[in-house]
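Colleague: PDB, C-alpha atoms, saved as coords-v3.pdb, coming up:
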```
MODEL        1
ATOM      1  CA  MET D 575      12.978 -38.078 -12.377
ATOM      2  CA  ALA D 576       9.534 -38.206 -13.995
ATOM      3  CA  THR D 577       7.567 -41.424 -13.941
ATOM      4  CA  ALA D 578       6.472 -43.072 -17.219
ATOM      5  CA  ASN D 579       2.798 -43.154 -16.199
ATOM      6  CA  PRO D 580       1.947 -40.185 -13.971
ATOM      7  CA  THR D 581      -1.051 -40.544 -11.654
ATOM      8  CA  VAL D 582      -1.848 -36.817 -11.443
ATOM      9  CA  PHE D 583      -1.452 -33.638 -13.465
ATOM     10  CA  LEU D 584      -0.078 -30.394 -12.068
ATOM     11  CA  LEU D 585      -1.277 -26.807 -12.414
ATOM     12  CA  MET D 586       1.253 -24.122 -11.489
ATOM     13  CA  VAL D 587       0.053 -20.558 -10.880
ATOM     14  CA  ASN D 588       2.271 -17.581 -10.140
ATOM     15  CA  GLY D 589       1.934 -13.880 -10.718
ATOM     16  CA  GLN D 590       0.385 -10.953  -8.900
ATOM     17  CA  VAL D 591      -2.692  -8.986  -8.033
ATOM     18  CA  GLU D 592      -1.633  -5.823  -9.796
ATOM     19  CA  SER D 593      -4.042  -2.981  -9.189
ATOM     20  CA  ALA D 594      -7.608  -1.821  -8.686
ATOM     21  CA  GLN D 595      -9.782   1.145  -9.477
ATOM     22  CA  PHE D 596     -12.125   2.122  -6.668
ATOM     23  CA  PRO D 597     -12.868   5.783  -7.472
ATOM     24  CA  GLU D 598     -14.630   6.563  -4.187
ATOM     25  CA  PHE D 599     -12.151   4.877  -1.814
ATOM     26  CA  ASP D 600      -8.522   5.095  -0.738
ATOM     27  CA  ASP D 601      -6.109   3.230   1.588
ATOM     28  CA  LEU D 602      -7.314  -0.252   0.623
ATOM     29  CA  TYR D 603      -5.827  -3.726   1.026
ATOM     30  CA  CYS D 604      -6.816  -7.049  -0.501
ATOM     31  CA  LYS D 605      -6.989 -10.690   0.512
ATOM     32  CA  TYR D 606      -6.977 -13.663  -1.830
ATOM     33  CA  CYS D 607      -7.805 -17.346  -1.439
ATOM     34  CA  PHE D 608      -8.294 -20.266  -3.819
ATOM     35  CA  VAL D 609     -11.436 -22.380  -4.137
ATOM     36  CA  TYR D 610     -11.200 -25.782  -5.838
ATOM     37  CA  GLY D 611     -12.942 -29.143  -6.126
ATOM     38  CA  GLN D 612     -12.526 -32.321  -4.087
ATOM     39  CA  ASP D 613     -10.061 -33.900  -6.519
ATOM     40  CA  TRP D 614      -7.679 -30.964  -6.258
ATOM     41  CA  ALA D 615      -4.938 -30.503  -3.675
ATOM     42  CA  PRO D 616      -2.261 -27.830  -3.281
ATOM     43  CA  THR D 617       1.263 -29.268  -3.343
ATOM     44  CA  SER D 618       3.248 -26.083  -2.729
ATOM     45  CA  GLY D 619       2.771 -22.368  -2.265
ATOM     46  CA  LEU D 620       0.211 -20.326  -0.335
ATOM     47  CA  GLU D 621      -3.548 -20.839  -0.634
ATOM     48  CA  GLU D 622      -4.330 -17.418   0.797
ATOM     49  CA  GLY D 623      -2.668 -14.106   1.517
ATOM     50  CA  ILE D 624      -3.177 -10.496   2.562
ATOM     51  CA  SER D 625      -1.560  -7.489   0.915
ATOM     52  CA  GLN D 626      -0.190  -4.212   2.186
ATOM     53  CA  ILE D 627      -2.381  -1.097   2.360
ATOM     54  CA  THR D 628      -2.049   1.082  -0.719
ATOM     55  CA  SER D 629      -3.102   4.634  -1.556
ATOM     56  CA  LYS D 630      -4.294   6.036  -4.856
ATOM     57  CA  SER D 631      -1.656   6.957  -7.399
ATOM     58  CA  ALA D 632      -1.165  10.585  -8.377
ATOM     59  CA  ASP D 633      -1.861   9.959 -12.086
ATOM     60  CA  VAL D 634      -5.150  10.561 -13.893
ATOM     61  CA  GLN D 635      -6.440   7.005 -13.325
ATOM     62  CA  HIS D 636      -5.954   7.111  -9.530
ATOM     63  CA  SER D 637      -5.180   3.379  -9.471
ATOM     64  CA  LEU D 638      -4.527   1.471  -6.259
ATOM     65  CA  VAL D 639      -1.386  -0.562  -6.975
ATOM     66  CA  TRP D 640      -0.533  -3.658  -4.902
ATOM     67  CA  ASN D 641       1.631  -5.871  -7.146
ATOM     68  CA  PHE D 642       0.849  -8.568  -4.590
ATOM     69  CA  PRO D 643       2.517 -11.928  -5.464
ATOM     70  CA  ILE D 644       0.668 -15.226  -5.945
ATOM     71  CA  ASP D 645       2.487 -18.568  -6.187
ATOM     72  CA  ILE D 646       0.834 -21.990  -5.830
ATOM     73  CA  THR D 647       0.886 -25.463  -7.419
ATOM     74  CA  PHE D 648      -2.105 -27.830  -7.499
ATOM     75  CA  LYS D 649      -2.366 -31.501  -8.383
ATOM     76  CA  SER D 650      -5.456 -33.339  -9.613
ATOM     77  CA  THR D 651      -6.695 -36.274 -11.689
ATOM     78  CA  ASN D 652      -9.812 -34.488 -12.916
ATOM     79  CA  PRO D 653     -10.594 -30.966 -14.241
ATOM     80  CA  PHE D 654     -13.903 -30.817 -12.327
ATOM     81  CA  GLY D 655     -13.671 -28.109  -9.664
ATOM     82  CA  TRP D 656     -10.986 -26.181 -11.588
ATOM     83  CA  PRO D 657      -9.411 -23.653  -9.172
ATOM     84  CA  GLN D 658     -10.785 -20.148  -8.814
ATOM     85  CA  ILE D 659      -9.135 -17.219  -7.111
ATOM     86  CA  VAL D 660     -11.386 -15.199  -4.793
ATOM     87  CA  ILE D 661     -10.347 -11.647  -3.965
ATOM     88  CA  SER D 662     -11.749  -9.452  -1.194
ATOM     89  CA  VAL D 663     -10.882  -5.762  -0.830
ATOM     90  CA  TYR D 664     -11.143  -3.893   2.479
ATOM     91  CA  GLY D 665     -10.660  -0.320   3.617
ATOM     92  CA  PRO D 666     -11.638   2.192   6.305
ATOM     93  CA  ASP D 667     -15.046   3.829   6.505
ATOM     94  CA  VAL D 668     -15.625   7.375   7.849
ATOM     95  CA  PHE D 669     -15.294   6.071  11.419
ATOM     96  CA  GLY D 670     -12.009   4.252  10.738
ATOM     97  CA  ASN D 671     -13.537   0.738  10.805
ATOM     98  CA  ASP D 672     -12.319  -1.773   8.223
ATOM     99  CA  VAL D 673     -15.241  -2.644   5.951
ATOM    100  CA  VAL D 674     -15.481  -4.693   2.776
ATOM    101  CA  ARG D 675     -15.211  -2.639  -0.422
ATOM    102  CA  GLY D 676     -15.538  -5.472  -2.923
ATOM    103  CA  TYR D 677     -15.622  -9.214  -3.599
ATOM    104  CA  GLY D 678     -14.758 -10.957  -6.865
ATOM    105  CA  ALA D 679     -13.715 -14.330  -8.270
ATOM    106  CA  VAL D 680     -12.306 -15.727 -11.508
ATOM    107  CA  HIS D 681     -11.155 -19.160 -12.698
ATOM    108  CA  VAL D 682      -7.477 -19.786 -13.279
ATOM    109  CA  PRO D 683      -7.173 -19.737 -17.121
ATOM    110  CA  PHE D 684      -7.522 -23.114 -18.846
ATOM    111  CA  ILE D 685      -5.267 -22.296 -21.804
ATOM    112  CA  PRO D 686      -1.466 -22.003 -21.680
ATOM    113  CA  GLY D 687      -0.065 -18.570 -22.517
ATOM    114  CA  ARG D 688      -0.005 -15.098 -21.017
ATOM    115  CA  HIS D 689      -3.322 -13.924 -19.593
ATOM    116  CA  LYS D 690      -4.548 -10.801 -17.869
ATOM    117  CA  ARG D 691      -7.909 -10.815 -16.124
ATOM    118  CA  THR D 692     -10.146  -8.009 -14.985
ATOM    119  CA  ILE D 693     -12.372  -9.137 -12.140
ATOM    120  CA  PRO D 694     -15.665  -7.340 -11.529
ATOM    121  CA  MET D 695     -16.187  -6.554  -7.843
ATOM    122  CA  PHE D 696     -19.396  -6.275  -5.834
ATOM    123  CA  VAL D 697     -20.504  -5.736  -2.231
ATOM    124  CA  PRO D 698     -23.557  -7.220  -0.485
ATOM    125  CA  GLU D 699     -26.340  -4.765   0.298
ATOM    126  CA  SER D 700     -28.604  -4.512   3.338
ATOM    127  CA  THR D 701     -32.126  -5.785   2.708
ATOM    128  CA  SER D 702     -33.866  -2.693   4.098
ATOM    129  CA  LYS D 703     -33.177   1.018   4.537
ATOM    130  CA  LEU D 704     -33.343   0.607   8.318
ATOM    131  CA  GLN D 705     -30.672  -2.110   8.276
ATOM    132  CA  LYS D 706     -28.553   0.029   5.959
ATOM    133  CA  LEU D 707     -28.764   3.020   8.292
ATOM    134  CA  THR D 708     -28.122   0.895  11.396
ATOM    135  CA  SER D 709     -25.102  -0.824   9.834
ATOM    136  CA  TRP D 710     -23.677   2.571   8.786
ATOM    137  CA  PHE D 711     -23.906   3.917  12.363
ATOM    138  CA  MET D 712     -22.579   0.702  13.910
ATOM    139  CA  GLY D 713     -19.701   0.453  11.416
ATOM    140  CA  ARG D 714     -20.706  -3.131  10.550
ATOM    141  CA  ARG D 715     -21.572  -3.360   6.871
ATOM    142  CA  PRO D 716     -22.938  -6.601   5.386
ATOM    143  CA  GLU D 717     -20.141  -9.007   4.518
ATOM    144  CA  TYR D 718     -19.567 -12.734   4.059
ATOM    145  CA  THR D 719     -18.227 -14.753   6.973
ATOM    146  CA  ASP D 720     -16.538 -17.009   4.407
ATOM    147  CA  PRO D 721     -15.394 -15.198   1.227
ATOM    148  CA  LYS D 722     -15.080 -18.578  -0.552
ATOM    149  CA  LEU D 723     -18.858 -18.449  -1.057
ATOM    150  CA  ILE D 724     -18.171 -15.878  -3.779
ATOM    151  CA  ALA D 725     -16.930 -18.648  -6.079
ATOM    152  CA  GLN D 726     -20.385 -20.272  -6.062
ATOM    153  CA  GLY D 727     -22.525 -17.243  -6.938
ATOM    154  CA  GLU D 728     -23.874 -16.037 -10.262
ATOM    155  CA  GLY D 729     -25.661 -12.963 -11.537
ATOM    156  CA  ARG D 730     -24.143 -10.268  -9.358
ATOM    157  CA  GLU D 731     -23.881  -6.665 -10.445
ATOM    158  CA  ALA D 732     -20.350  -5.290 -10.362
ATOM    159  CA  ALA D 733     -19.484  -1.688  -9.653
ATOM    160  CA  VAL D 734     -15.668  -1.731  -9.384
ATOM    161  CA  SER D 735     -12.838  -4.015 -10.487
ATOM    162  CA  ILE D 736      -9.289  -5.265  -9.795
ATOM    163  CA  THR D 737      -6.404  -6.300 -12.055
ATOM    164  CA  ALA D 738      -3.969  -9.133 -11.411
ATOM    165  CA  SER D 739      -1.330 -11.003 -13.376
ATOM    166  CA  ASN D 740       0.406 -14.315 -12.874
ATOM    167  CA  ASN D 741       2.103 -17.213 -14.596
ATOM    168  CA  SER D 742       0.901 -20.778 -14.453
ATOM    169  CA  GLY D 743       1.479 -24.026 -16.239
ATOM    170  CA  LYS D 744       0.109 -27.525 -16.633
ATOM    171  CA  ARG D 745       2.023 -30.758 -16.475
ATOM    172  CA  ASP D 746       0.695 -34.167 -17.649
ATOM    173  CA  TYR D 747      -2.713 -32.513 -18.103
ATOM    174  CA  HIS D 748      -3.263 -34.076 -21.545
ATOM    175  CA  ARG D 749      -3.120 -37.566 -20.008
ATOM    176  CA  PHE D 750      -6.141 -36.945 -17.778
ATOM    177  CA  CYS D 751      -8.238 -34.266 -19.502
ATOM    178  CA  PRO D 752      -9.451 -33.480 -23.007
ATOM    179  CA  GLU D 753      -8.370 -30.183 -24.513
ATOM    180  CA  ILE D 754     -10.537 -27.341 -23.297
ATOM    181  CA  PHE D 755     -11.023 -24.122 -25.213
ATOM    182  CA  VAL D 756     -12.415 -21.096 -23.446
ATOM    183  CA  PRO D 757     -13.056 -17.971 -25.530
ATOM    184  CA  ARG D 758     -11.505 -14.805 -24.208
ATOM    185  CA  ASN D 759     -14.016 -12.382 -22.824
ATOM    186  CA  HIS D 760     -13.677  -8.908 -21.461
ATOM    187  CA  LEU D 761     -15.525  -6.950 -18.839
ATOM    188  CA  THR D 762     -15.897  -3.198 -18.938
ATOM    189  CA  ARG D 763     -16.762  -1.831 -15.526
ATOM    190  CA  LYS D 764     -14.801  -0.642 -12.570
ATOM    191  CA  HIS D 765     -12.549  -3.596 -12.074
ATOM    192  CA  LEU D 766      -9.792  -5.588 -10.458
ATOM    193  CA  THR D 767      -7.291  -6.829 -13.026
ATOM    194  CA  LEU D 768      -5.757 -10.231 -12.582
ATOM    195  CA  GLY D 769      -3.049 -11.093 -15.082
ATOM    196  CA  ARG D 770      -1.850 -14.621 -15.593
ATOM    197  CA  ALA D 771       0.574 -16.333 -17.879
ATOM    198  CA  LEU D 772       0.130 -20.041 -18.469
ATOM    199  CA  GLN D 773       2.824 -22.124 -20.028
ATOM    200  CA  ASN D 774       2.955 -25.829 -20.793
ATOM    201  CA  MET D 775       5.568 -27.596 -18.774
TER
ENDMDL
END
```
Go through the file and emit its structure as structure tokens.
Modeller:
Amino acid sequence: MATANPTVFLLMVNGQVESAQFPEFDDLYCKYCFVYGQDWAPTSGLEEGISQITSKSADVQHSLVWNFPIDITFKSTNPFGWPQIVISVYGPDVFGNDVVRGYGAVHVPFIPGRHKRTIPMFVPESTSKLQKLTSWFMGRRPEYTDPKLIAQGEGREAAVSITASNNSGKRDYHRFCPEIFVPRNHLTRKHLTLGRALQNM
């Protein structure tokens, strides 16, 4: 039974990381995690996960299809620190070592309705040619010790992308937050696609 004066609002997110296009790579898997502000707390579902390894499809696009499910509910009293999903993609190098193939992040959509997001992906680069050569021989490419740092960065150049879709909803949001309008934007590069559907509860 719902209370007359709720003390928090809820944000429900469910869906999937659908696919990616990494033209140069095959046999990849992805990890996801959520980053959110201090006033936010997960109430149910998984904050992070790891997918199965997938190979390129036989069609013209050569997509890597995961259809990896996401399902989580957050509660908060404040929209500051709105949740973001951070996705990391890994795969084998020529020596069979798992190395990072891309990082990307996107906010959970603010507006109710069905959404599909394409997330630009990037990888950190070595600062010198010597470090690049050494890391290639050692099988240890530059990567973040904590992928959640991706949610804080700006101005990165993306080379590939991923696609994901999910459903989410808000409950009692209007009691704590003004209406927020975010224009739809699109990114045209190699990408990860993240699809989301948001529905008012």
Colleague: Using the chain letters and numbers from this file, what does the PyMOL selection byres ((chain D and resi 635-648) around 6) select? Give the answer as a PDB file with C-alpha atoms, in the coordinates of the input.
Modeller:
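To be explicit, this is the file written out as out02.pdb:
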```
ATOM      1  CA  LEU D 584      -0.078 -30.394 -12.068  1.00  0.00           C
ATOM      2  CA  LEU D 585      -1.277 -26.807 -12.414  1.00  0.00           C
ATOM      3  CA  MET D 586       1.253 -24.122 -11.489  1.00  0.00           C
ATOM      4  CA  VAL D 587       0.053 -20.558 -10.880  1.00  0.00           C
ATOM      5  CA  ASN D 588       2.271 -17.581 -10.140  1.00  0.00           C
ATOM      6  CA  GLY D 589       1.934 -13.880 -10.718  1.00  0.00           C
ATOM      7  CA  GLN D 590       0.385 -10.953  -8.900  1.00  0.00           C
ATOM      8  CA  VAL D 591      -2.692  -8.986  -8.033  1.00  0.00           C
ATOM      9  CA  GLU D 592      -1.633  -5.823  -9.796  1.00  0.00           C
ATOM     10  CA  SER D 593      -4.042  -2.981  -9.189  1.00  0.00           C
ATOM     11  CA  ALA D 594      -7.608  -1.821  -8.686  1.00  0.00           C
ATOM     12  CA  GLN D 595      -9.782   1.145  -9.477  1.00  0.00           C
ATOM     13  CA  ALA D 615      -4.938 -30.503  -3.675  1.00  0.00           C
ATOM     14  CA  PRO D 616      -2.261 -27.830  -3.281  1.00  0.00           C
ATOM     15  CA  THR D 617       1.263 -29.268  -3.343  1.00  0.00           C
ATOM     16  CA  SER D 618       3.248 -26.083  -2.729  1.00  0.00           C
ATOM     17  CA  GLY D 619       2.771 -22.368  -2.265  1.00  0.00           C
ATOM     18  CA  LEU D 620       0.211 -20.326  -0.335  1.00  0.00           C
ATOM     19  CA  SER D 629      -3.102   4.634  -1.556  1.00  0.00           C
ATOM     20  CA  LYS D 630      -4.294   6.036  -4.856  1.00  0.00           C
ATOM     21  CA  SER D 631      -1.656   6.957  -7.399  1.00  0.00           C
ATOM     22  CA  ASP D 633      -1.861   9.959 -12.086  1.00  0.00           C
ATOM     23  CA  VAL D 634      -5.150  10.561 -13.893  1.00  0.00           C
ATOM     24  CA  LYS D 649      -2.366 -31.501  -8.383  1.00  0.00           C
TER      25      LYS D 649
END
```
Colleague: From the list D:Ile693, D:Ala725, D:Val668, D:Val680, which residue is nearest D:Phe711 when using all atoms listed in the file?
Modeller: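 Of D:Ile693, D:Ala725, D:Val668, D:Val680, the one nearest D:Phe711, counting all atoms listed in the file, is D:Val668.
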Colleague: Taking all atoms listed in the file into account, name the residue in D:Gly670, D:Pro716, D:Pro683, D:Gly676 that is nearest to D:Lys605.
Modeller: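 Between D:Gly670, D:Pro716, D:Pro683, D:Gly676, the residue approaching D:Lys605 most closely is D:Gly676.
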Colleague: If the PyMOL selection byres ((chain D and resi 604) around 6) is run on the structure shown, which residues does it catch, given as a list in words?
Modeller: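 Output from the PyMOL selection byres ((chain D and resi 604) around 6), applied to this file: Tyr603, Lys605, Ile624, Ser625, Ser662 and Val663 of chain D.
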Colleague: Would you translate the PyMOL selection byres ((chain D and resi 726) around 12) into the concrete set of residues it matches in this file, as an NGL selection string?
Modeller: :D and (609-611 or 655 or 657-660 or 678-681 or 720-725 or 727-730)
Colleague: So that I can check the surroundings of D:Thr701, please list as a list in words every protein, DNA and RNA residue that reaches within 12 Å of it, counting only C-alpha atoms and ignoring chain neighbours fewer than 5 positions away.
Modeller: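 Once the nearby chain positions are removed, what remains is Lys706, Leu707, Thr708, Ser709, Arg715 and Pro716 of chain D.
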Colleague: Excluding D:Glu717 and any residue of its chain fewer than 3 positions from it, enumerate the residues within 10 Å of it, using all atoms listed in the file, and give them as a list of chain:residue names.
Modeller: D:Val673, D:Val674, D:Arg675, D:Gly676, D:Tyr677, D:Val697, D:Pro698, D:Glu699, D:Ser700, D:Arg714, D:Asp720, D:Pro721
Colleague: With C-alpha atoms retained, could you export that selection as an mmCIF file, keeping the file's coordinate frame?
Modeller:
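Listing of part-v1.cif after writing:
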```
data_model
loop_
_atom_site.group_PDB
_atom_site.id
_atom_site.type_symbol
_atom_site.label_atom_id
_atom_site.label_comp_id
_atom_site.auth_asym_id
_atom_site.auth_seq_id
_atom_site.Cartn_x
_atom_site.Cartn_y
_atom_site.Cartn_z
ATOM 1 C CA VAL D 673 -15.241 -2.644 5.951
ATOM 2 C CA VAL D 674 -15.481 -4.693 2.776
ATOM 3 C CA ARG D 675 -15.211 -2.639 -0.422
ATOM 4 C CA GLY D 676 -15.538 -5.472 -2.923
ATOM 5 C CA TYR D 677 -15.622 -9.214 -3.599
ATOM 6 C CA VAL D 697 -20.504 -5.736 -2.231
ATOM 7 C CA PRO D 698 -23.557 -7.220 -0.485
ATOM 8 C CA GLU D 699 -26.340 -4.765 0.298
ATOM 9 C CA SER D 700 -28.604 -4.512 3.338
ATOM 10 C CA ARG D 714 -20.706 -3.131 10.550
ATOM 11 C CA ASP D 720 -16.538 -17.009 4.407
ATOM 12 C CA PRO D 721 -15.394 -15.198 1.227
#
```
